>>> print(open('run18.cif').read())   # mmCIF, C-alpha atoms
data_my_file
loop_
_atom_site.label_atom_id
_atom_site.label_comp_id
_atom_site.auth_asym_id
_atom_site.auth_seq_id
_atom_site.Cartn_x
_atom_site.Cartn_y
_atom_site.Cartn_z
CA MET A 2 104.11 -40.13 56.81
CA ARG A 3 103.21 -41.86 53.54
CA ARG A 4 103.31 -38.53 51.72
CA TRP A 5 106.86 -37.85 52.99
CA MET A 6 107.99 -41.30 51.98
CA ALA A 7 106.54 -40.84 48.50
CA ARG A 8 108.26 -37.46 48.16
CA SER A 9 111.58 -38.88 49.36
CA LEU A 10 111.34 -41.72 46.86
CA ALA A 11 110.48 -39.24 44.11
CA VAL A 12 113.57 -37.17 45.00
CA LEU A 13 115.81 -40.25 45.01
CA ALA A 14 114.45 -41.53 41.70
CA ALA A 15 114.79 -38.14 40.01
CA ALA A 16 118.29 -37.68 41.49
CA ALA A 17 119.32 -41.06 40.07
CA VAL A 18 118.12 -39.96 36.63
CA VAL A 19 120.05 -36.65 36.91
CA HIS A 20 123.17 -38.51 38.10
CA ALA A 21 123.02 -41.04 35.23
CA ALA A 22 122.32 -38.33 32.67
CA LEU A 23 125.39 -36.39 33.81
CA VAL A 24 127.64 -39.47 33.82
CA PHE A 25 126.70 -40.48 30.29
CA SER A 26 126.31 -37.06 28.68
CA PHE A 27 129.27 -35.24 30.21
CA PRO A 28 132.03 -36.64 27.95
CA TRP A 29 129.89 -35.96 24.89
CA LEU A 30 129.18 -32.39 26.03
CA VAL A 31 132.83 -31.66 26.87
CA MET A 32 133.93 -33.04 23.52
CA ARG A 33 131.34 -30.94 21.70
CA VAL A 34 132.60 -27.79 23.42
CA ALA A 35 136.22 -28.71 22.65
CA HIS A 36 135.34 -29.42 19.01
CA ASN A 37 133.58 -26.08 18.62
CA ARG A 38 136.41 -24.14 20.28
CA ILE A 39 139.12 -25.77 18.15
CA ALA A 40 137.11 -25.17 14.96
CA ALA A 41 136.51 -21.53 15.95
CA ARG A 42 140.23 -20.94 16.56
CA ALA A 43 141.26 -22.69 13.34
CA GLY A 44 138.69 -20.88 11.23
CA GLY A 45 136.61 -23.98 10.50
CA VAL A 46 136.51 -27.76 10.69
CA ASN A 47 139.23 -29.93 9.12
CA ILE A 48 141.84 -27.18 9.63
CA VAL A 49 144.77 -27.47 12.03
CA VAL A 50 145.33 -24.92 14.77
CA HIS A 51 148.87 -24.84 16.20
CA ASN A 52 148.99 -23.98 19.89
CA PRO A 53 151.93 -22.05 21.35
CA PRO A 54 154.03 -23.74 24.05
CA THR A 55 151.92 -24.72 27.05
CA THR A 56 152.21 -22.45 30.08
CA ALA A 57 149.99 -21.73 33.09
CA GLU A 58 148.63 -18.76 31.13
CA HIS A 59 148.14 -20.71 27.91
CA ASN A 60 146.84 -24.07 28.95
CA PRO A 61 144.32 -25.19 26.34
CA ILE A 62 143.74 -28.67 27.76
CA VAL A 63 143.33 -29.52 31.43
CA ASN A 64 146.32 -31.54 32.71
CA SER A 65 148.26 -30.89 29.50
CA SER A 66 151.98 -31.57 29.27
CA PRO A 67 154.27 -28.52 29.14
CA ASP A 68 156.90 -30.67 27.40
CA LEU A 69 154.71 -31.03 24.33
CA LEU A 70 153.58 -28.72 21.57
CA TYR A 71 149.93 -29.38 20.73
CA SER A 72 148.23 -28.90 17.38
CA ALA A 73 144.61 -29.87 16.87
CA CYS A 74 142.10 -30.30 14.11
CA ALA A 75 138.34 -30.55 14.74
CA PHE A 76 137.25 -33.01 12.09
CA ASP A 77 133.85 -33.36 10.47
CA LEU A 78 133.63 -36.26 8.02
CA ALA A 79 130.10 -35.54 6.80
CA GLY A 80 131.54 -34.00 3.63
CA GLY A 81 133.94 -36.90 3.01
CA PRO A 82 137.28 -38.19 4.28
CA VAL A 83 140.02 -35.94 5.61
CA ARG A 84 143.71 -36.25 4.84
CA ILE A 85 146.26 -35.77 7.62
CA ARG A 86 149.87 -35.04 6.79
CA ALA A 87 152.81 -34.21 9.01
CA ARG A 88 156.57 -34.21 9.22
CA VAL A 89 157.68 -36.66 11.89
CA PRO A 90 160.81 -35.97 13.97
CA ALA A 91 163.13 -38.56 15.51
CA THR A 92 162.09 -37.52 19.02
CA TYR A 93 158.71 -38.42 20.51
CA TRP A 94 155.82 -37.31 18.32
CA SER A 95 152.32 -38.66 17.86
CA VAL A 96 149.03 -38.01 16.15
CA SER A 97 145.87 -39.38 17.72
CA GLY A 98 142.15 -39.35 16.99
CA TYR A 99 139.32 -38.88 19.50
CA ASP A 100 135.71 -39.69 18.80
CA ALA A 101 132.64 -37.75 19.94
CA GLU A 102 132.76 -39.45 23.37
CA THR A 103 136.47 -38.72 24.06
CA ASN A 104 137.68 -42.24 23.17
CA ASN A 105 141.14 -42.39 21.59
CA PHE A 106 140.45 -44.54 18.50
CA PHE A 107 143.85 -44.35 16.85
CA SER A 108 147.35 -43.11 17.42
CA VAL A 109 150.54 -43.21 15.38
CA ASN A 110 153.86 -42.17 16.88
CA ASN A 111 157.26 -41.32 15.46
CA GLU A 112 158.29 -45.00 15.55
CA GLY A 113 155.24 -46.04 13.53
CA ALA A 114 155.48 -43.32 10.88
CA ARG A 115 157.36 -44.11 7.67
CA ALA A 116 160.42 -42.19 6.51
CA GLY A 117 159.81 -39.20 8.72
CA LEU A 118 156.43 -38.44 7.17
CA LEU A 119 152.84 -39.18 8.08
CA ASP A 120 150.18 -39.47 5.40
CA LEU A 121 146.84 -40.70 6.68
CA VAL A 122 143.24 -40.67 5.47
CA LEU A 123 140.48 -40.44 8.07
CA ALA A 124 137.08 -41.73 6.90
CA GLY A 125 133.67 -41.62 8.54
CA PRO A 126 131.81 -44.61 10.00
CA GLY A 127 129.95 -46.86 7.58
CA GLY A 128 131.49 -45.45 4.43
CA ALA A 129 134.01 -47.10 2.14
CA VAL A 130 137.60 -46.04 2.70
CA PRO A 131 138.80 -44.41 -0.51
CA GLU A 132 142.04 -45.20 -2.28
CA ALA A 133 144.61 -42.59 -1.29
CA GLY A 134 147.89 -43.80 -2.72
CA ALA A 135 150.44 -44.71 -0.07
CA ALA A 136 148.43 -43.12 2.73
CA ARG A 137 147.20 -45.38 5.52
CA ALA A 138 143.48 -45.33 6.23
CA VAL A 139 141.67 -45.04 9.55
CA VAL A 140 137.90 -45.22 10.10
CA SER A 141 136.49 -42.98 12.80
CA PRO A 142 133.65 -44.34 14.98
CA SER A 143 131.94 -40.92 14.82
CA MET A 144 131.52 -38.28 12.12
CA ARG A 145 132.90 -35.56 14.38
CA GLY A 146 135.89 -35.60 16.67
CA VAL A 147 139.36 -34.21 17.20
CA VAL A 148 142.78 -35.10 15.83
CA LEU A 149 145.60 -34.08 18.17
CA PHE A 150 149.28 -33.79 17.25
CA ARG A 151 151.88 -33.97 20.06
CA THR A 152 155.44 -32.80 19.39
CA LEU A 153 157.97 -33.26 22.19
CA VAL A 154 160.34 -30.42 23.02
CA PRO A 155 163.03 -32.43 24.87
CA THR A 156 164.97 -29.38 26.07
CA ALA A 157 164.20 -25.66 25.95
CA ASP A 158 167.02 -24.94 23.46
CA ARG A 159 165.24 -27.06 20.82
CA MET A 160 162.00 -25.10 20.96
CA GLY A 161 162.49 -23.30 17.61
CA GLU A 162 163.35 -26.51 15.77
CA MET A 163 160.34 -28.36 17.20
CA VAL A 164 157.93 -25.48 16.49
CA ARG A 165 158.97 -25.70 12.82
CA VAL A 166 158.18 -29.44 12.90
CA GLN A 167 154.88 -28.82 14.69
CA LYS A 168 153.70 -26.35 12.07
CA GLN A 169 154.03 -28.81 9.21
CA ALA A 170 151.02 -30.81 10.42
CA VAL A 171 147.93 -30.29 8.26
CA CYS A 172 144.35 -31.58 7.95
CA LEU A 173 142.44 -31.02 4.73
CA PRO A 174 139.48 -32.54 2.90
CA LEU A 175 140.68 -35.47 0.77
CA ALA A 176 139.11 -33.90 -2.30
CA GLU A 177 141.60 -31.00 -2.05
CA LYS A 178 144.66 -33.34 -1.88
CA MET B 26 100.01 -23.55 44.84
CA LYS B 27 101.07 -26.03 47.51
CA LYS B 28 101.46 -28.79 44.90
CA LEU B 29 103.54 -26.51 42.68
CA LEU B 30 105.86 -25.64 45.56
CA SER B 31 106.16 -29.29 46.46
CA ALA B 32 107.07 -30.20 42.86
CA LEU B 33 109.64 -27.41 42.74
CA ALA B 34 111.18 -28.55 46.02
CA ILE B 35 111.39 -32.16 44.78
CA THR B 36 112.99 -31.00 41.49
CA ALA B 37 115.52 -28.78 43.26
CA ALA B 38 116.44 -31.51 45.75
CA ALA B 39 116.80 -34.07 42.93
CA LEU B 40 119.04 -31.74 40.90
CA LEU B 41 121.19 -31.00 43.93
CA LEU B 42 121.45 -34.64 44.95
CA GLY B 43 122.04 -35.89 41.39
CA ALA B 44 124.70 -33.28 40.56
CA GLY B 45 126.34 -33.54 43.97
CA SER B 46 126.60 -37.32 43.86
CA PHE B 47 128.01 -37.04 40.31
CA ALA B 48 130.69 -34.57 41.47
CA LEU B 49 131.63 -36.81 44.40
CA ALA B 50 131.80 -39.93 42.22
CA ILE B 51 134.14 -38.10 39.81
CA ALA B 52 136.35 -36.60 42.52
CA TYR B 53 136.64 -39.77 44.58
CA PRO B 54 136.76 -42.92 42.45
CA ARG B 55 135.79 -46.08 44.32
CA ALA B 56 138.57 -48.00 46.06
CA GLY B 57 140.07 -50.59 43.75
CA ALA B 58 139.06 -48.72 40.59
CA MET B 59 142.69 -47.71 40.01
CA ALA B 60 146.02 -49.55 40.20
CA GLY B 61 148.58 -48.07 42.54
CA SER B 62 152.33 -48.02 43.03
CA GLY B 63 153.06 -46.09 46.23
CA PRO B 64 151.21 -42.78 46.04
CA TRP B 65 150.86 -43.07 42.25
CA GLN B 66 147.48 -44.16 40.88
CA THR B 67 146.57 -45.16 37.33
CA ASP B 68 143.80 -46.77 35.30
CA LEU B 69 144.89 -48.64 32.19
CA THR B 70 141.49 -48.34 30.53
CA VAL B 71 141.91 -44.56 30.23
CA GLY B 72 141.44 -43.33 26.68
CA SER B 73 139.94 -46.57 25.39
CA ALA B 74 136.37 -47.45 24.46
CA GLN B 75 136.51 -50.09 27.22
CA THR B 76 136.77 -47.54 30.00
CA GLY B 77 133.79 -47.30 32.33
CA PRO B 78 131.30 -44.40 32.21
CA TYR B 79 132.59 -42.85 35.44
CA MET B 80 136.23 -42.94 34.33
CA ARG B 81 135.24 -41.52 30.94
CA ALA B 82 133.45 -38.62 32.66
CA ARG B 83 136.43 -38.18 34.98
CA ILE B 84 138.82 -38.01 32.02
CA ALA B 85 136.58 -35.45 30.28
CA ILE B 86 137.06 -33.19 33.30
CA MET B 87 140.58 -33.96 34.49
CA GLY B 88 142.47 -35.18 31.43
CA LEU B 89 140.70 -34.66 28.12
CA PHE B 90 142.49 -36.23 25.13
CA ALA B 91 144.19 -38.96 27.15
CA LEU B 92 145.96 -41.59 25.08
CA ARG B 93 145.39 -45.35 25.27
CA LYS B 94 147.75 -47.40 27.41
CA THR B 95 149.92 -48.67 24.57
CA GLU B 96 150.84 -45.06 23.76
CA ALA B 97 150.90 -43.55 27.25
CA VAL B 98 150.23 -44.48 30.86
CA TYR B 99 149.35 -41.70 33.27
CA TYR B 100 150.03 -41.95 37.00
CA ILE B 101 148.56 -39.32 39.32
CA ALA B 102 149.81 -38.61 42.88
CA ARG B 103 147.75 -36.51 45.27
CA ALA B 104 149.63 -37.73 48.34
CA ASP B 105 153.25 -38.27 49.34
CA SER B 106 154.84 -41.67 49.96
CA ALA B 107 153.68 -41.56 53.59
CA GLY B 108 150.09 -41.14 52.45
CA ASP B 109 149.65 -37.50 53.47
CA PRO B 110 147.97 -35.18 50.92
CA LEU B 111 150.36 -33.08 48.82
CA ASP B 112 150.21 -29.52 50.15
CA ALA B 113 151.74 -26.34 48.69
CA ASN B 114 152.85 -25.33 52.20
CA TYR B 115 155.52 -28.05 52.34
CA ASP B 116 158.78 -28.89 50.58
CA TYR B 117 159.01 -32.32 48.93
CA ARG B 118 161.84 -34.40 47.53
CA ILE B 119 160.88 -36.53 44.53
CA GLU B 120 163.51 -39.24 44.26
CA GLY B 121 163.55 -41.51 41.25
CA ARG B 122 165.21 -43.24 38.34
CA ASP B 123 164.23 -43.74 34.72
CA VAL B 124 160.95 -45.62 34.44
CA PRO B 125 160.36 -48.37 31.84
CA ALA B 126 159.18 -46.25 28.93
CA ARG B 127 160.61 -44.45 25.90
CA TRP B 128 160.02 -41.09 27.52
CA TRP B 129 158.69 -39.83 30.84
CA SER B 130 157.83 -36.54 32.49
CA ILE B 131 156.64 -35.32 35.89
CA THR B 132 154.33 -32.28 35.99
CA ALA B 133 153.13 -30.29 39.02
CA LEU B 134 149.46 -29.33 39.00
CA GLY B 135 147.18 -27.22 41.15
CA TRP B 136 144.03 -28.52 42.81
CA ASP B 137 142.14 -27.88 39.55
CA PHE B 138 144.60 -30.00 37.51
CA HIS B 139 145.92 -26.95 35.69
CA LEU B 140 149.56 -25.89 35.63
CA ILE B 141 150.71 -23.84 38.62
CA PRO B 142 151.54 -20.22 37.65
CA ASN B 143 155.12 -19.24 38.53
CA GLU B 144 157.57 -16.55 37.42
CA ALA B 145 160.26 -19.07 36.47
CA GLY B 146 157.95 -20.72 33.94
CA LEU B 147 158.84 -24.18 35.29
CA TYR B 148 156.13 -26.81 35.24
CA SER B 149 157.77 -30.20 34.71
CA PHE B 150 160.90 -32.29 34.31
CA ASN B 151 161.47 -35.09 31.84
CA TRP B 152 164.12 -37.70 31.06
CA ALA B 153 166.01 -35.26 28.85
CA ASN B 154 166.13 -32.15 31.02
CA VAL B 155 166.27 -33.51 34.59
CA LYS B 156 169.67 -33.08 36.25
CA ARG B 157 170.96 -36.45 37.40
CA LYS B 158 173.43 -37.86 39.88
CA PRO B 159 176.37 -39.91 38.54
CA ASP B 160 174.37 -43.12 39.07
CA GLY B 161 171.56 -41.84 36.84
CA SER B 162 169.08 -41.19 39.64
CA TYR B 163 167.58 -37.74 40.23
CA VAL B 164 166.01 -35.61 42.93
CA ILE B 165 163.32 -33.06 42.05
CA ARG B 166 162.55 -30.43 44.70
CA LEU B 167 158.85 -29.55 44.78
CA SER B 168 158.60 -26.31 46.75
CA PRO B 169 157.01 -22.86 46.68
CA HIS B 170 160.51 -21.37 47.12
CA LYS B 171 163.43 -21.50 44.70
CA LYS B 172 165.76 -24.48 45.19
CA GLU B 173 169.08 -25.53 43.70
CA GLY B 174 168.99 -28.25 41.04
CA ASN B 175 165.69 -29.57 39.77
CA TRP B 176 163.25 -27.06 41.24
CA LEU B 177 159.58 -27.65 40.51
CA PRO B 178 157.57 -24.64 41.77
CA ALA B 179 154.58 -25.61 43.90
CA GLY B 180 152.89 -22.24 43.73
CA ALA B 181 152.41 -19.81 46.56
CA PRO B 182 152.41 -21.08 50.16
CA ASP B 183 148.81 -21.62 51.26
CA GLY B 184 148.13 -22.50 47.65
CA GLY B 185 146.29 -25.54 48.93
CA SER B 186 146.36 -29.08 47.61
CA ILE B 187 148.54 -29.97 44.65
CA ALA B 188 149.01 -33.02 42.46
CA LEU B 189 151.67 -34.60 40.28
CA THR B 190 151.23 -36.34 36.94
CA LEU B 191 153.82 -38.88 35.81
CA ARG B 192 153.53 -39.65 32.11
CA LEU B 193 155.07 -42.76 30.60
CA TYR B 194 155.05 -42.55 26.80
CA ARG B 195 155.49 -45.83 24.91
CA PRO B 196 155.57 -47.82 28.17
CA GLU B 197 157.28 -51.19 28.23
CA PRO B 198 155.11 -54.35 28.51
CA ALA B 199 155.94 -54.70 32.25
CA VAL B 200 154.01 -51.47 32.93
CA LEU B 201 150.95 -52.74 31.09
CA GLU B 202 151.10 -56.16 32.76
CA LYS B 203 151.64 -54.94 36.35
CA PRO B 204 151.16 -51.19 36.64
CA GLY B 205 151.16 -51.46 40.43
CA SER B 206 154.60 -53.11 40.52
CA VAL B 207 156.53 -50.42 38.65
CA ASP B 208 159.31 -48.73 40.63
CA LEU B 209 158.06 -45.13 40.59
CA PRO B 210 159.55 -42.03 42.24
CA ARG B 211 159.25 -41.63 46.02
CA ILE B 212 157.69 -38.39 47.26
CA ILE B 213 159.13 -37.36 50.62
CA ARG B 214 157.85 -34.43 52.69
CA GLU B 215 160.63 -32.34 54.22
CA GLY B 216 158.67 -29.95 56.40
CA ARG B 217 157.44 -26.42 56.02
CA PRO B 218 159.73 -24.21 53.90
#
>>> encode(input="run18.cif", output="structure tokens")
Amino acid sequence: MRRWMARSLAVLAAAAVVHAALVFSFPWLVMRVAHNRIAARAGGVNIVVHNPPTTAEHNPIVNSSPDLLYSACAFDLAGGPVRIRARVPATYWSVSGYDAETNNFFSVNNEGARAGLLDLVLAGPGGAVPEAGAARAVVSPSMRGVVLFRTLVPTADRMGEMVRVQKQAVCLPLAEK
Amino acid sequence: MKKLLSALAITAAALLLGAGSFALAIAYPRAGAMAGSGPWQTDLTVGSAQTGPYMRARIAIMGLFALRKTEAVYYIARADSAGDPLDANYDYRIEGRDVPARWWSITALGWDFHLIPNEAGLYSFNWANVKRKPDGSYVIRLSPHKKEGNWLPAGAPDGGSIALTLRLYRPEPAVLEKPGSVDLPRIIREGRP
């Protein structure tokens, strides 16, 4: 009887450890996979990949919005800050940053961008934010993460126009300017 | 040998129990963890560093790259307004008006939270493309069979459970203050198609 109780307690204790490990590591693991996939498609880190319109067949993100065009950049700030530039339309548009645990640590939308353009410098944690002219600066909580651009296609007849806007988003090491 | 088998059995049982309880905790959040308005459920901590570990894991699986509440609020419906689970075997009327946000959209999803394949290539309606009545309200028909007006394909009959996501981009302060008091679309089951 005692042996069975000891075994049952061992199972419960080990199950609790497995459960907690999954809860806390899952977001990190999913983000790591997403980061690697985006970088592979873009041809490296700190390079934007522009996704085609979202359909059931091309659905890069679970529960993604088919009304939006998505572009993404897997950033790695170990080599220094990254500059993010984009043309900003009058309709809904946003750029947002996600840290290594999936947290959304910044977002700028079309109402917050100046004069139809976005110019932003993303720096790593702990480092000084460099001077970058008129660009606004954002500090990431983690060295690696993902920047995601969302461009709304309000109606199907504006697809071509919005794809042209989408494709003007870029990420590049600040040193390249 | 007996001890080795016993250790293996304990390890296997612990893995099964730990992974199973994790899957259940993700699939069925505890009551009160989310704010509701009719069948629509939301959590305003989504996307932020303040969100709890279970919600963060849930988002990693069901909605990676969610935005913080000031940028977007996401409502999910897995049931109709009568409380019955959404089912691809039925027709539904989604009746609503503009919600307090700069832009909104309603998307139909399969049980796995991916878009539902359909020949028409229709997956959602938003404030710009939904056909409206003269008073500004709209009716979206969620059905596996083609409908007049705002048809949102629900996949093949027997396609199983489905879900709807309502996105509110740049929500107004009232949404952030009382997400359960927002007047959101009603989802009415009409019977088998």
>>> interface_residues(input="run18.cif", of="chain A", to="chain B", cutoff="8 Å", atoms="all atoms listed in the file", output="number ranges by chain")
A: 8, 11-20, 23-25, 27-28, 31-32, 56-58, 60, 62-68, 93, 97, 99, 103-106, 108, 149, 155-156
>>> atom_distance(input="run18.cif", atom1="CA of Arg103 (chain B)", atom2="CA of Leu167 (chain B)")
13.1 Å
>>> resolve_selection(input="run18.cif", expression="the PyMOL selection byres ((chain A and resi 164-173) around 6)", output="number ranges by chain")
A: 47-49, 83-88, 161-163, 174
>>> resolve_selection(input="run18.cif", expression="the PyMOL selection byres ((chain A and resi 113-127) around 10)", output="PyMOL selection string")
chain A and resi 76-91+94-96+98+108-112+128-145+148+170-175
>>> atom_distance(input="run18.cif", atom1="CA of Ala199 (chain B)", atom2="CA of Ser62 (chain B)")
13.2 Å
>>> residues_around(input="run18.cif", residues="Ala104 (chain B)", least_positions_apart="6", cutoff="10 Å", atoms="only C-alpha atoms", output="list in words")
Gly63, Pro64, Trp65, Pro110, Leu111, Asp112, Ser186, Ile187, Ala188, Leu189, Ile212, Ile213 and Arg214 of chain B
>>> write_last_selection(input="run18.cif", atoms="C-alpha atoms", output="PDB file, in the frame of the given file")
ATOM      1  CA  GLY B  63     153.060 -46.090  46.230  1.00  0.00           C
ATOM      2  CA  PRO B  64     151.210 -42.780  46.040  1.00  0.00           C
ATOM      3  CA  TRP B  65     150.860 -43.070  42.250  1.00  0.00           C
ATOM      4  CA  PRO B 110     147.970 -35.180  50.920  1.00  0.00           C
ATOM      5  CA  LEU B 111     150.360 -33.080  48.820  1.00  0.00           C
ATOM      6  CA  ASP B 112     150.210 -29.520  50.150  1.00  0.00           C
ATOM      7  CA  SER B 186     146.360 -29.080  47.610  1.00  0.00           C
ATOM      8  CA  ILE B 187     148.540 -29.970  44.650  1.00  0.00           C
ATOM      9  CA  ALA B 188     149.010 -33.020  42.460  1.00  0.00           C
ATOM     10  CA  LEU B 189     151.670 -34.600  40.280  1.00  0.00           C
ATOM     11  CA  ILE B 212     157.690 -38.390  47.260  1.00  0.00           C
ATOM     12  CA  ILE B 213     159.130 -37.360  50.620  1.00  0.00           C
ATOM     13  CA  ARG B 214     157.850 -34.430  52.690  1.00  0.00           C
TER      14      ARG B 214
END
>>> resolve_selection(input="run18.cif", expression="the PyMOL selection byres ((chain B and resi 61) around 10)", output="PyMOL selection string")
chain B and resi 57-60+62-68+100-102+203-207
>>> axis_aligned_box(input="run18.cif", around="region 163-174 of chain B", padding_each_side="4 Å", output="lines of an AutoDock Vina configuration file")
center_x = 163.0
center_y = -29.6
center_z = 43.7
size_x = 20.1
size_y = 24.4
size_z = 14.9
>>> closest_residue(input="run18.cif", among="B:Asp116, B:Asp208, B:Glu202, B:Glu197", to="Lys171 (chain B)", atoms="only C-alpha atoms")
B:Asp116
>>> residues_around(input="run18.cif", residues="Asn52 (chain A)", least_positions_apart="2", cutoff="7 Å", atoms="all atoms listed in the file", output="list of chain:residue names")
A:Val50, A:Pro54, A:Leu70, A:Tyr71, A:Ser72
>>> build_atoms(input="run18.cif", residues="region 10-28 of chain A", atoms="N, CA and C atoms", output="mmCIF file, keeping the file's coordinate frame")
data_model
loop_
_atom_site.group_PDB
_atom_site.id
_atom_site.type_symbol
_atom_site.label_atom_id
_atom_site.label_comp_id
_atom_site.auth_asym_id
_atom_site.auth_seq_id
_atom_site.Cartn_x
_atom_site.Cartn_y
_atom_site.Cartn_z
ATOM 1 N N LEU A 10 111.065 -40.777 47.957
ATOM 2 C CA LEU A 10 111.340 -41.720 46.860
ATOM 3 C C LEU A 10 111.377 -40.993 45.520
ATOM 4 N N ALA A 11 110.489 -40.017 45.354
ATOM 5 C CA ALA A 11 110.480 -39.240 44.110
ATOM 6 C C ALA A 11 111.793 -38.479 43.944
ATOM 7 N N VAL A 12 112.294 -37.891 45.048
ATOM 8 C CA VAL A 12 113.570 -37.170 45.000
ATOM 9 C C VAL A 12 114.693 -38.123 44.635
ATOM 10 N N LEU A 13 114.730 -39.282 45.281
ATOM 11 C CA LEU A 13 115.810 -40.250 45.010
ATOM 12 C C LEU A 13 115.768 -40.736 43.570
ATOM 13 N N ALA A 14 114.576 -41.028 43.074
ATOM 14 C CA ALA A 14 114.450 -41.530 41.700
ATOM 15 C C ALA A 14 114.882 -40.453 40.703
ATOM 16 N N ALA A 15 114.420 -39.223 40.929
ATOM 17 C CA ALA A 15 114.790 -38.140 40.010
ATOM 18 C C ALA A 15 116.288 -37.840 40.105
ATOM 19 N N ALA A 16 116.853 -37.911 41.320
ATOM 20 C CA ALA A 16 118.290 -37.680 41.490
ATOM 21 C C ALA A 16 119.098 -38.740 40.750
ATOM 22 N N ALA A 17 118.622 -39.979 40.784
ATOM 23 C CA ALA A 17 119.320 -41.060 40.070
ATOM 24 C C ALA A 17 119.325 -40.790 38.569
ATOM 25 N N VAL A 18 118.209 -40.274 38.066
ATOM 26 C CA VAL A 18 118.120 -39.960 36.630
ATOM 27 C C VAL A 18 119.099 -38.823 36.288
ATOM 28 N N VAL A 19 119.128 -37.783 37.141
ATOM 29 C CA VAL A 19 120.050 -36.650 36.910
ATOM 30 C C VAL A 19 121.493 -37.147 36.933
ATOM 31 N N HIS A 20 121.815 -37.968 37.941
ATOM 32 C CA HIS A 20 123.170 -38.510 38.100
ATOM 33 C C HIS A 20 123.575 -39.298 36.836
ATOM 34 N N ALA A 21 122.702 -40.211 36.406
ATOM 35 C CA ALA A 21 123.020 -41.040 35.230
ATOM 36 C C ALA A 21 123.147 -40.186 33.980
ATOM 37 N N ALA A 22 122.259 -39.190 33.849
ATOM 38 C CA ALA A 22 122.320 -38.330 32.670
ATOM 39 C C ALA A 22 123.643 -37.577 32.614
ATOM 40 N N LEU A 23 124.108 -37.107 33.765
ATOM 41 C CA LEU A 23 125.390 -36.390 33.810
ATOM 42 C C LEU A 23 126.544 -37.326 33.466
ATOM 43 N N VAL A 24 126.540 -38.525 34.052
ATOM 44 C CA VAL A 24 127.640 -39.470 33.820
ATOM 45 C C VAL A 24 127.774 -39.771 32.322
ATOM 46 N N PHE A 25 126.626 -40.045 31.682
ATOM 47 C CA PHE A 25 126.700 -40.480 30.290
ATOM 48 C C PHE A 25 126.799 -39.328 29.287
ATOM 49 N N SER A 26 126.283 -38.157 29.653
ATOM 50 C CA SER A 26 126.310 -37.060 28.680
ATOM 51 C C SER A 26 127.532 -36.154 28.818
ATOM 52 N N PHE A 27 128.185 -36.188 29.978
ATOM 53 C CA PHE A 27 129.270 -35.240 30.210
ATOM 54 C C PHE A 27 130.417 -35.353 29.188
ATOM 55 N N PRO A 28 130.937 -36.562 28.948
ATOM 56 C CA PRO A 28 132.030 -36.640 27.950
ATOM 57 C C PRO A 28 131.602 -36.105 26.587
#
